[in-house]
Each structure stands twice: as structure tokens, then as C-alpha cells.
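Visitor: To start, I am sharing the structure in question, which I have written as C-alpha cells.
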Amino acid sequence: VKIRSGFHSGSVVSNVIGSLNPRYGLFGDTVNTASRMESNSLPNRIQCSDTAALLLSEQAPDIYLKKRGKIAIKGKGNMVTYWVEDGLIRDDHGDISGRAGDDHHVVAFAPDDDEVDMAPPKNPIAPSEDGSKPISVLKK
């Protein structure tokens, strides 16, 4: 089974819809962008937006992200996206061709457009004035 996955982070609106057969729904641009991350991903890959990559690098600094670059996202224009890496080497179609070793380097999250080998930042997002931090919303 080959699945593709994607996620984005941001604010959403939620509500229970219906009375006879109530359903819980999430609405907003964040939900649409998360859906676009999934639909533009590749089989057996996890793609995330730059916003989600920044939050992920703060909340799970041991997970490496590889910059995919700018891709055209329907309704959004060009967006910088990242692959969530697992240490496996893949070709452009997502097929596994080996494991990362001494001769392969995983590119960590870089906040600028340069693709540089670096460790993920320990605390790229400072708390807001009230001390709160953003929370990721995951899709699939």
C-alpha cells in the first residue's frame, strides 16, 4: 500500500453540523492548505508547509526535514514545502533506493531559501507576549 500524506498548521473554525446525523467539521484556509499538501505529496512521503515545518522543528527537533522547494499549489500560488525525512533515500517518484549514510546528508529545516546542511533549530519560535505558543493542526 502506498499512501501520501501532508499537513499544514494554522487557525481553524470548528462546529457540529446537523441535528439528525451530527458531524464535527473543521473549516478554514488551514484545512484547505493541509489538503493541498496531501494531494501534492508523493506516495510514501509526508509533505508539509513551511509554517508547519517551522513548528515541527521546534516541537520535535530530532525529526529532519528536507526542503522540497517551491511548488505550485492550486488556489495558493507557489509555496515552499518540506519533506518529513526518515533516513531513507528516495528518487523523484518516492521509491526507496537506499538508506542515508556517510555519503548522504539530510537537509534540515532552513528558514531562508538556501539549502544548507544544518541541525534543526532548538527554539525557532519565541513565545508570544502572553507566553503561549502555536499548536499544529494535522491532516491525515
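Going through the C-alpha cells in order, the chains are called A, B, and so on, while each chain numbers its residues from 1 and the ligands are numbered from 1 in the order shown.
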As number ranges by chain, list the residues of range 3-104 of chain A assigned to strand (DSSP E) by DSSP on the backbone atoms of this structure.
Guide: A: 5-7, 13-17, 23-27, 46-49, 65-73, 77-84, 88-90, 96-99
Visitor: Find, counting only C-alpha atoms, the residue in A:Ser14, A:Asn78, A:Ser19, A:Thr33 that gets nearest to Thr51 in chain A.
Guide: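 Using only C-alpha atoms, Thr51 in chain A sits closest to A:Thr33.
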Visitor: At what distance in Å, to one decimal, does CA of Ser5 in chain A lie from CA of Ser41 in chain A?
Guide: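 Between CA of Ser41 in chain A and CA of Ser5 in chain A the gap is 6.4 Å.
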Visitor: A:Gly28, A:Glu38, A:Ala52, A:Ile46: which is nearest Ser9 in chain A, counting only C-alpha atoms?
Guide: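 Closest candidate: A:Ala52.
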Visitor: When you look at Met79 in chain A with a cut-off of 10 Å (counting only C-alpha atoms), what residues show up, excluding the ones that are within fewer than 6 positions of it in the same chain? I need them as a tab-separated table (two decimals) with all heavy atoms, in the first residue's frame.
Guide:
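And here's selection18.tsv as it stands now:
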chain	number	residue	atom	x	y	z
A	37	MET	N	-1.43	20.01	0.66
A	37	MET	CA	-0.15	19.37	0.99
A	37	MET	C	-0.23	17.87	0.73
A	37	MET	O	0.69	17.26	0.20
A	37	MET	CB	0.25	19.63	2.44
A	37	MET	CG	0.63	21.07	2.77
A	37	MET	SD	2.10	21.62	1.91
A	37	MET	CE	1.37	22.66	0.64
A	49	SER	N	3.98	22.22	4.88
A	49	SER	CA	4.22	23.62	4.51
A	49	SER	C	5.38	24.19	5.31
A	49	SER	O	5.82	23.60	6.30
A	49	SER	CB	2.95	24.43	4.77
A	49	SER	OG	2.70	24.46	6.17
A	50	ASP	N	5.85	25.36	4.91
A	50	ASP	CA	6.94	25.99	5.65
A	50	ASP	C	6.50	26.38	7.06
A	50	ASP	O	7.27	26.29	8.01
A	50	ASP	CB	7.53	27.17	4.90
A	50	ASP	CG	6.51	28.23	4.52
A	50	ASP	OD1	5.29	27.97	4.66
A	50	ASP	OD2	6.91	29.32	4.08
A	68	ARG	N	11.77	20.73	-0.10
A	68	ARG	CA	11.37	20.30	-1.43
A	68	ARG	C	11.50	21.46	-2.41
A	68	ARG	O	11.78	21.27	-3.57
A	68	ARG	CB	9.92	19.79	-1.41
A	68	ARG	CG	9.45	19.28	-2.75
A	68	ARG	CD	8.04	18.73	-2.71
A	68	ARG	NE	7.71	18.14	-3.99
A	68	ARG	CZ	6.51	17.71	-4.31
A	68	ARG	NH1	5.53	17.77	-3.43
A	68	ARG	NH2	6.27	17.19	-5.50
A	69	GLY	N	11.28	22.66	-1.91
A	69	GLY	CA	11.36	23.85	-2.76
A	69	GLY	C	9.97	24.41	-3.01
A	69	GLY	O	9.00	24.03	-2.38
A	70	LYS	N	9.91	25.33	-3.94
A	70	LYS	CA	8.63	25.96	-4.29
A	70	LYS	C	7.89	25.07	-5.27
A	70	LYS	O	8.45	24.62	-6.27
A	70	LYS	CB	8.86	27.33	-4.92
A	70	LYS	CG	9.35	28.37	-3.95
A	70	LYS	CD	9.45	29.73	-4.60
A	70	LYS	CE	9.96	30.73	-3.59
A	70	LYS	NZ	10.09	32.07	-4.17
A	71	ILE	N	6.62	24.82	-4.97
A	71	ILE	CA	5.76	24.08	-5.88
A	71	ILE	C	4.47	24.85	-6.05
A	71	ILE	O	4.06	25.61	-5.17
A	71	ILE	CB	5.48	22.63	-5.40
A	71	ILE	CG1	4.77	22.63	-4.06
A	71	ILE	CG2	6.74	21.82	-5.33
A	71	ILE	CD1	4.23	21.26	-3.68
A	72	ALA	N	3.83	24.68	-7.20
A	72	ALA	CA	2.57	25.37	-7.48
A	72	ALA	C	1.44	24.65	-6.76
A	72	ALA	O	1.22	23.46	-6.98
A	72	ALA	CB	2.32	25.39	-8.98
A	73	ILE	N	0.75	25.37	-5.90
A	73	ILE	CA	-0.38	24.83	-5.14
A	73	ILE	C	-1.65	25.52	-5.63
A	73	ILE	O	-1.74	26.75	-5.58
A	73	ILE	CB	-0.19	25.07	-3.62
A	73	ILE	CG1	1.11	24.45	-3.12
A	73	ILE	CG2	-1.40	24.57	-2.84
A	73	ILE	CD1	1.15	22.95	-3.15
Visitor: Rounded to one decimal in Å, what is the spacing between CA of Lys74 in chain A and CA of Asn15 in chain A?
Guide: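 One can read the CA of Lys74 in chain A to CA of Asn15 in chain A distance as 25.9 Å.
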Visitor: To one decimal place in Å, what is the distance between CA of Tyr82 in chain A and CA of Gln47 in chain A?
Guide: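 Going from CA of Tyr82 in chain A over to CA of Gln47 in chain A, I get 5.7 Å.
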